[in-house]
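Asker: If you scroll down you'll find the structure; I have some questions about it.
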Amino acid sequence: MADLNLTLKIWRQDGPTEPGGFKTYDISDLNTHMSFLEMLDVLNENLVNSGDEPVAFDHDCREGICGMCSMVINGRPHGPLEGTTTCQLHMRHFNDGDTVTIEPWRAKPFPVLKDLIVDRTPFDRIIQAGGFVSVNTGSAPDGNAIPIGKDISDDAFDAAACIGCGACVAACKNASANLFTAAKISQLALLPQGQTERVERVIGMVKQMDEEGFGHCTNTGACEAECPKEISVDYIRKMNWEFHSANVKG
Amino acid sequence: MLESKIPQGPLADKWTHYKSKVPLVSPANKRRLDIIVIGTGLAGASAASSLAEMGYNVKTFCFQDSPRRAHSIAAQGGINAAKNYQNDGDSVYRLFYDTIKGGDYRSRESNVHRLAEVSSSIIDQCVAQGVPFAREYGGTLDNRSFGGVQVSRTFYARGQTGQQLLLGAYSALSRQIAKGGVKMYNRHEMLDIVKIDGKARGVIVRDLMTGKYERHFGHAVVLATGGYGNVFYLSTNAMASNVTAIWKAHKKGAMFGNPCFTQIHPTCIPVSGDYQSKLTLMSESLRNDGRIWVPKKKGDDRQPRDIPEDERDYYLERRYPAFGNLVPRDVASRAAKERCDEGFGVGPTKLAVYLDFKDAIKRLGQDVVSARYGNLFEMYEKITGDNPYSTPMRIYPAVHYTMGGLWVDYNLMTTVPGLYAIGECNFSDHGANRLGASALMQGLADGYFVLPYTIGEYLSNDIRTPAISTDHEAFEKAEKESKNRNDRLLNNNGSRSVESFHRDLGHIMWDNCGMARNIAGLTKAIGEIQSLKKEFWDKVRVPGRDNVLNPELEKAGRVADFIELGELMVRDALDRSESCGGHFREESQTDEGEAKRDDENFTFASAWDYQGEGTDPVRNKEKLEFEAVQLTQRSYK
């Protein structure tokens with residue numbers, strides 16, 4: 001458990017309309033079992049103790065599931081480990097003396113609010129545009145009334161595992177939200193419960209995605225490579241198929 | 001003075017009768033009624049969407065950047081329901097009975113029975129929303145078993161059940177936001193309740209991005225703000241999970257029920273250092289196939305794989321042959337503590353026991369084990385660097401859930417008229433210990449199937465109340481108080497960080513009001529917390545300003561409330577000199593070291609009434625009446 005000394009280059013920005021820039025901080029004697037966010041906690045406590053403002057960053061569950069943490073570490077959303085959120089990244093993956101660059105998600109539809117915090121409400125609006133089944137409380141049939149094959153259910157789960165963090169957008173040079181949108185569309189298109197609204201759903205969600213200013217898919221697969229839940233780009237293919245057949249039907 | 005409003009009639013018919021008699025609000029009147037919902041976890045999101053579907057105007061608030069982030073999302077294992085799909089003898093009565101017994105006979109029979117009754121509808125509702133529950137090859141829903149029960153009634157979605165259920169509720173909420181039935185306020189934190197003529201009529205919230213204080217009116221206010229386990233500093237809760245909303249409600253007259261009832265979860269990744277910010281749970285479902293053990297020899301430093309079978313003590317299987325590794329959480333936690341206190345603990349800190357999958361892998365094969373627990377194993381490896389397929393996990397108990405919360409009646413209304421508390425933030429259903437996979441059940445039961453009915457009883461009398469202007473002096477006063485408090489924090493010019501106070505509070509709580517409690521420690525803790533409170537207000541340093549995003553200011557307000565809550569928890573633990581469920585008073589144990597209840601003196605729920613700064617709170621009692629079950633010493637042997 002060797003101690004670790006790092007140089008941090010962190011993006012500081014006071015507000016959405018303020019100019020931002022990198023500031024450099026030295027941090028020493030870190031325990032390698034710490035998580036990356038715990039390392040930032042130490043930095044922030046040092047900053048508070050010396051009368052400075054701490055670095056603002058989004059975080060909450062610290063178990064890799066809420067999707068709140070969002071930082072680009074050394075150029076990669078959520079850092080160097082595959083299938084891992086920032087909060088699940090531990091300092092044992094860094095070396096003594098490293099310089100670590102920490103930035104917010106960079107995408108026009110996700111404006112920086114402060115330091116490392118961005119506005120991800122466009123994702124909420126994409127879901128509001130159709131990412132649901134219109135079933136009022138109390139009107140559901142028995143849970144076993146419609147059998148669903150295990151393979152289909154598992155496939156739907158793989159899509160539903162998306163945590164809505166936005167790493168896919170941050171990883172994409174076009175800032176495309178295709179992977180996020182496709183995951184929800186695919187989950188519901190796979191399941192019998194999603195069939196009734198299948199056409200309106202894909203049309204509504206894709207339209208909203210475009211209106212929010214997300215770019216086109218680059219077909220490079222950077223989103224899947226950086227997705228902490230390893231959501232497959234195969235769902236983008238499925239979304240495209242859904243979209244085109246909806247337009248034919250519509 | 002405490003009216004639990006339990007309906008008359010036989011236990012099994014109460015809810016049915018209630019539903020057919022409860023006054024209704026007509027659709028035209030629902031449109032004129034505003035309801036505020038604080039929190040968007042399972043309880044809040046399900047309530048907000050259901051109320052909006054019914055036609056009420058709903059305003060919903062969360063402090064995260066999106067309602068989908070609420071900490072319900074982190075629940076791993078599953079959700080219980082009395083479906084009896086497995087044909088293993090389950091029934092509403094059995095789920096009710098297991099929950100009452102699991103809670104060590106300190107919950108209200110009528111509420112728990114209602115919970116068991118509506119459990120089936122929750123599964124139906126979630127399936128209809130497109131929640132991808134685990135399924136059998138034939139296409140039917142799969143189940144697993146959980147601690148404290150002998151049937152398989154837990155529905156699950158891999159190790160991410162909470163996520164899938166929350167995203168289901170979030171999708172229903174999103175649909176209502178799009179339709180205009182719910183107005184959603186992200187990144188807003190509730191700072192106070194506004195009372196007018198004794199009734200809850202609104203809230204003061206702070207827009208966390210701009211620092212602006214806002215006033216919102218509602219004919220009723222629903223709190224769905226989760227648990228307060230972070231009073232211990234280290235817990236499995238999310239970093240921002242806090243007590244502020246219900247604490248402010250408490251100070252405005254909502255009594256606090258059983259504050260000391262805390263669940264310490266047996267299977268968490270042990271603490272590794274002082275920098276640690278939170279603890280990570282390893283799902284209870286792991287105990288289905290994992291076996292818990294320590295070496296038979298004290299201080300045995302060999303690698304676990306080098307310790308032969310006959311030198312291992314599978315202490316849960318030894319002490320509790322009937323339930324083995326699947327004893328309830330409080331029992332498993334105490335047993336781990338007992339072994340570690342006796343010097344049998346493992347790992348660098350000696351505060352850990354092994355959870356071993358060697359036999360499961362031999363019996364089922366690695367593929368099956370991986371399909372069941374793969375994501376949990378990965379999570380464990382990310383955090384510890386160890387691979388649980390080849391070496392046993394090291395686990396230790398950690399604070400996970402709070403059974404205590406605002407006292408509510410059968411309608412889920414607090415002692416402030418028009419103020420409701422649902423989900424983990426109320427005290428209602430789990431008594432002194434919650435069974436696994438029952439938190440998700442209660443959150444969704446309250447939000448989808450209970451509150452939408454029971455709130456009608458209150459609102460049906462309120463249909464002639466026009467919306468009250470937020471210029472009313474009560475709003476002005478509450479806003480000013482919230483702002484003054486934040487100003488005081490910012491202008492304190494102290495020398496200590498908020499974090500350092502929180503850490504100190506956590507140590508006091510864990511050492512004296514944790515897994516084992518005694519009169520000396522608790523008495524000492526009250527004094528320590530009072531000094532800590534004084535020091536906090538003398539010395540805390542909060543940087544930054546009020547009119548911008550300021551996470552340190554948010555944290556300072558929350559920690560100030562945690563300190564006050566901590567004192568109340570300790571008082572409650574001191575007052576309840578019996579042991580029950582997760583509340584273990586060392587003075588009250590059986591010869592075998594099990595929790596010993598004192599039914600004669602303590603068959604009640606405590607309900608603490610705030611008396612103002614500097615005055616001791618008053619403890620009221622709701623006497624618990626048991627008709628359907630007989631109180632017995634809980635045995636899992």
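For the structure tokens, the naming scheme is as follows: chains receive sequential letters (A, B, ...) according to their order of presentation, residues are indexed from 1 within each chain, and ligands are indexed from 1 in presentation order.
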Please list as a PyMOL selection string every residue within 9 Å of B:Phe604, counting only C-alpha atoms and excluding residues in the same chain fewer than 5 positions away.
Answerer: chain B and resi 106-107+599+621-625
Asker: Enumerate as JSON, numbers by chain all residues of stretch 90-227 of chain A assigned to strand (DSSP E) by DSSP on the backbone, naming them with the chain letters and numbers the document uses.
Answerer: {"A": [99, 100, 101, 102, 103, 112, 113, 114, 117, 118]}
Asker: Could you list, as a PyMOL selection string, every residue within 12 Å of B:Asn411, counting only C-alpha atoms and ignoring same-chain residues fewer than 3 positions away?
Answerer: chain B and resi 3-7+15+18-19+22+110-111+114+222+407-408+414-415+417-422+426+428+446+449-459
Asker: Give me a file of those residues, with N, CA and C atoms, as an mmCIF file, in the first residue's frame.
Answerer:
data_model
loop_
_atom_site.group_PDB
_atom_site.id
_atom_site.type_symbol
_atom_site.label_atom_id
_atom_site.label_comp_id
_atom_site.auth_asym_id
_atom_site.auth_seq_id
_atom_site.Cartn_x
_atom_site.Cartn_y
_atom_site.Cartn_z
ATOM 1 N N GLU B 3 -53.027 9.382 17.885
ATOM 2 C CA GLU B 3 -54.148 8.606 17.344
ATOM 3 C C GLU B 3 -53.662 7.823 16.149
ATOM 4 N N SER B 4 -53.586 6.510 16.281
ATOM 5 C CA SER B 4 -53.056 5.741 15.154
ATOM 6 C C SER B 4 -54.109 5.514 14.073
ATOM 7 N N LYS B 5 -55.369 5.757 14.384
ATOM 8 C CA LYS B 5 -56.448 5.673 13.367
ATOM 9 C C LYS B 5 -56.509 4.322 12.661
ATOM 10 N N ILE B 6 -56.253 3.279 13.412
ATOM 11 C CA ILE B 6 -56.355 1.934 12.827
ATOM 12 C C ILE B 6 -57.843 1.618 12.629
ATOM 13 N N PRO B 7 -58.231 1.197 11.440
ATOM 14 C CA PRO B 7 -59.648 0.907 11.214
ATOM 15 C C PRO B 7 -60.121 -0.263 12.075
ATOM 16 N N TRP B 15 -58.038 -3.139 5.576
ATOM 17 C CA TRP B 15 -57.668 -2.307 4.423
ATOM 18 C C TRP B 15 -58.779 -2.309 3.371
ATOM 19 N N TYR B 18 -61.503 -0.190 4.703
ATOM 20 C CA TYR B 18 -61.068 1.210 4.691
ATOM 21 C C TYR B 18 -61.227 1.799 3.292
ATOM 22 N N LYS B 19 -60.741 1.020 2.300
ATOM 23 C CA LYS B 19 -60.756 1.538 0.928
ATOM 24 C C LYS B 19 -62.179 1.788 0.434
ATOM 25 N N VAL B 22 -63.371 5.094 2.572
ATOM 26 C CA VAL B 22 -62.623 6.359 2.640
ATOM 27 C C VAL B 22 -63.275 7.406 1.726
ATOM 28 N N SER B 110 -51.559 -3.624 11.825
ATOM 29 C CA SER B 110 -52.447 -3.251 10.708
ATOM 30 C C SER B 110 -51.655 -2.726 9.515
ATOM 31 N N ASN B 111 -50.593 -1.954 9.771
ATOM 32 C CA ASN B 111 -49.791 -1.441 8.660
ATOM 33 C C ASN B 111 -49.047 -2.565 7.954
ATOM 34 N N ARG B 114 -51.350 -4.632 5.778
ATOM 35 C CA ARG B 114 -51.668 -3.903 4.544
ATOM 36 C C ARG B 114 -50.502 -3.983 3.552
ATOM 37 N N VAL B 222 -45.991 15.932 1.185
ATOM 38 C CA VAL B 222 -45.588 14.529 1.367
ATOM 39 C C VAL B 222 -44.070 14.467 1.420
ATOM 40 N N TRP B 407 -43.128 9.613 12.966
ATOM 41 C CA TRP B 407 -44.275 8.800 13.379
ATOM 42 C C TRP B 407 -45.449 9.128 12.455
ATOM 43 N N VAL B 408 -46.100 8.094 11.954
ATOM 44 C CA VAL B 408 -47.287 8.312 11.106
ATOM 45 C C VAL B 408 -48.432 7.424 11.581
ATOM 46 N N THR B 414 -48.313 12.407 9.512
ATOM 47 C CA THR B 414 -47.550 12.673 10.729
ATOM 48 C C THR B 414 -48.460 13.372 11.750
ATOM 49 N N THR B 415 -47.906 13.797 12.868
ATOM 50 C CA THR B 415 -48.727 14.495 13.856
ATOM 51 C C THR B 415 -48.981 15.952 13.450
ATOM 52 N N PRO B 417 -51.114 17.927 10.845
ATOM 53 C CA PRO B 417 -52.153 17.665 9.850
ATOM 54 C C PRO B 417 -51.715 18.115 8.453
ATOM 55 N N GLY B 418 -51.951 17.253 7.471
ATOM 56 C CA GLY B 418 -51.601 17.582 6.095
ATOM 57 C C GLY B 418 -50.157 17.295 5.734
ATOM 58 N N LEU B 419 -49.383 16.806 6.695
ATOM 59 C CA LEU B 419 -47.982 16.450 6.420
ATOM 60 C C LEU B 419 -47.845 14.934 6.481
ATOM 61 N N TYR B 420 -47.438 14.336 5.371
ATOM 62 C CA TYR B 420 -47.320 12.881 5.266
ATOM 63 C C TYR B 420 -45.850 12.476 5.176
ATOM 64 N N ALA B 421 -45.567 11.264 5.627
ATOM 65 C CA ALA B 421 -44.206 10.730 5.465
ATOM 66 C C ALA B 421 -44.337 9.308 4.924
ATOM 67 N N ILE B 422 -43.638 9.031 3.820
ATOM 68 C CA ILE B 422 -43.740 7.709 3.181
ATOM 69 C C ILE B 422 -42.352 7.143 2.910
ATOM 70 N N ASN B 426 -40.480 7.336 7.135
ATOM 71 C CA ASN B 426 -41.418 7.137 8.241
ATOM 72 C C ASN B 426 -40.976 5.935 9.071
ATOM 73 N N SER B 428 -42.902 3.308 9.980
ATOM 74 C CA SER B 428 -44.053 2.442 10.189
ATOM 75 C C SER B 428 -43.871 0.931 10.189
ATOM 76 N N ASP B 446 -46.225 2.271 -0.243
ATOM 77 C CA ASP B 446 -46.665 3.576 0.238
ATOM 78 C C ASP B 446 -47.011 4.504 -0.928
ATOM 79 N N PHE B 449 -49.746 2.486 -3.748
ATOM 80 C CA PHE B 449 -51.011 1.868 -3.372
ATOM 81 C C PHE B 449 -51.610 2.302 -2.039
ATOM 82 N N VAL B 450 -50.864 3.018 -1.214
ATOM 83 C CA VAL B 450 -51.434 3.401 0.073
ATOM 84 C C VAL B 450 -51.739 4.906 0.113
ATOM 85 N N LEU B 451 -50.704 5.721 0.005
ATOM 86 C CA LEU B 451 -50.905 7.167 0.123
ATOM 87 C C LEU B 451 -51.965 7.720 -0.844
ATOM 88 N N PRO B 452 -51.971 7.301 -2.115
ATOM 89 C CA PRO B 452 -52.977 7.869 -3.019
ATOM 90 C C PRO B 452 -54.415 7.674 -2.518
ATOM 91 N N TYR B 453 -54.658 6.616 -1.751
ATOM 92 C CA TYR B 453 -55.990 6.447 -1.139
ATOM 93 C C TYR B 453 -56.122 7.295 0.121
ATOM 94 N N THR B 454 -55.126 7.139 1.030
ATOM 95 C CA THR B 454 -55.304 7.701 2.366
ATOM 96 C C THR B 454 -55.272 9.230 2.366
ATOM 97 N N ILE B 455 -54.597 9.816 1.380
ATOM 98 C CA ILE B 455 -54.512 11.281 1.370
ATOM 99 C C ILE B 455 -55.883 11.889 1.073
ATOM 100 N N GLY B 456 -56.742 11.086 0.436
ATOM 101 C CA GLY B 456 -58.099 11.553 0.131
ATOM 102 C C GLY B 456 -58.897 11.846 1.383
ATOM 103 N N GLU B 457 -58.617 11.119 2.454
ATOM 104 C CA GLU B 457 -59.360 11.346 3.689
ATOM 105 C C GLU B 457 -59.157 12.768 4.189
ATOM 106 N N TYR B 458 -57.929 13.244 4.058
ATOM 107 C CA TYR B 458 -57.619 14.609 4.494
ATOM 108 C C TYR B 458 -58.091 15.637 3.460
ATOM 109 N N LEU B 459 -57.766 15.370 2.203
ATOM 110 C CA LEU B 459 -58.039 16.383 1.179
ATOM 111 C C LEU B 459 -59.533 16.541 0.903
#
Asker: Using only C-alpha atoms, I'd like a table of the residues in chain A that come within 6 Å of chain B; for each, show the closest atom pair and its distance in Å rounded to one decimal, ordered by chain and ascending number, as a Markdown table.
Answerer:
| residue | atom | partner | partner_atom | distance |
| --- | --- | --- | --- | --- |
| A:Asp60 | CA | B:Met239 | CA | 5.0 |
| A:Cys61 | CA | B:Ala238 | CA | 4.0 |
| A:Cys66 | CA | B:Arg69 | CA | 4.9 |
| A:Gln128 | CA | B:Ser174 | CA | 4.8 |
| A:Phe132 | CA | B:Ser171 | CA | 5.0 |
| A:Val133 | CA | B:Gln129 | CA | 5.4 |
| A:Thr137 | CA | B:Ser50 | CA | 6.0 |
| A:Ala140 | CA | B:Gln125 | CA | 5.2 |
| A:Asp142 | CA | B:Asp124 | CA | 5.2 |
| A:Gly143 | CA | B:Asp124 | CA | 4.3 |
| A:Asn144 | CA | B:Thr140 | CA | 5.6 |
| A:Pro147 | CA | B:Gly139 | CA | 4.3 |
| A:Ile148 | CA | B:Gly139 | CA | 4.3 |
| A:Gly149 | CA | B:Gly139 | CA | 4.5 |
| A:Lys150 | CA | B:Tyr137 | CA | 5.2 |
| A:Ser153 | CA | B:Pro132 | CA | 5.8 |
| A:Phe157 | CA | B:Pro132 | CA | 5.4 |
| A:Gln193 | CA | B:Ala128 | CA | 5.9 |
Asker: When distances are computed from only C-alpha atoms, which of B:Ile246, B:Ala607, B:Leu326, B:Leu490 shows the smallest separation from B:Leu553?
Answerer: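 Nearest candidate to B:Leu553 out of B:Ile246, B:Ala607, B:Leu326, B:Leu490: B:Leu490.
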Asker: Extract, using only C-alpha atoms, all DNA, RNA and protein residues at most 8 Å from B:Ala254, discarding same-chain residues fewer than 2 positions from it, and format them as a count of residues only.
Answerer: 11
Asker: Give the helix (DSSP H, G or I) residues of stretch 441-561 of chain B, as assigned by DSSP on the backbone, as a VMD selection string.
Answerer: chain B and resid 441 to 459 473 to 490 498 to 513 519 to 539 551 to 561
Asker: Tell me, as a short mmCIF file (atom, residue, chain, number, x, y, z; two decimals) with C-alpha atoms, in the first residue's frame, which residues lie within 8 Å of A:Ala183, counting only C-alpha atoms; anything in the same chain fewer than 5 positions away does not count.
Answerer:
data_model
loop_
_atom_site.label_atom_id
_atom_site.label_comp_id
_atom_site.auth_asym_id
_atom_site.auth_seq_id
_atom_site.Cartn_x
_atom_site.Cartn_y
_atom_site.Cartn_z
CA ALA A 159 -30.24 -2.20 -22.30
CA ALA A 160 -32.00 -1.10 -19.11
CA CYS A 162 -27.92 2.33 -18.47
CA ILE A 231 -24.07 -0.95 -23.09
CA TYR A 235 -28.87 -1.09 -29.49
CA ILE A 236 -28.16 1.87 -31.77
#
Asker: Give me the stretch 166-269 of chain B side of the contact with stretch 351-369 of chain B, cut-off 12 Å, one line per residue showing its nearest atom pair and distance in Å at one decimal, counting only C-alpha atoms, sorted by chain and residue number, as a Markdown table.
Answerer:
| residue | atom | partner | partner_atom | distance |
| --- | --- | --- | --- | --- |
| B:Pro266 | CA | B:Val353 | CA | 9.9 |
| B:Thr267 | CA | B:Leu355 | CA | 8.4 |
| B:Cys268 | CA | B:Ala352 | CA | 9.4 |
| B:Ile269 | CA | B:Ala352 | CA | 8.6 |
Asker: Got time to write the residues from that selection, C-alpha atoms, as a PDB file, in the first residue's frame?
Answerer:
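Contents of selection-v6.pdb, as written:
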ATOM      1  CA  PRO B 266     -24.013  -7.759   8.018  1.00  0.00           C
ATOM      2  CA  THR B 267     -22.377  -7.950   4.598  1.00  0.00           C
ATOM      3  CA  CYS B 268     -20.481  -4.797   3.713  1.00  0.00           C
ATOM      4  CA  ILE B 269     -16.941  -4.220   2.549  1.00  0.00           C
TER       5      ILE B 269
END
Asker: Could you check how far atom CA of A:Arg12 sits from atom CA of A:Asn44, in Å to one decimal?
Answerer: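 Computing it gives 13.0 Å between the two atoms.
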Asker: From the list B:Val559, B:Arg206, B:Met282, B:Phe626, which residue is nearest B:Tyr97 when using only C-alpha atoms?
Answerer: B:Phe626
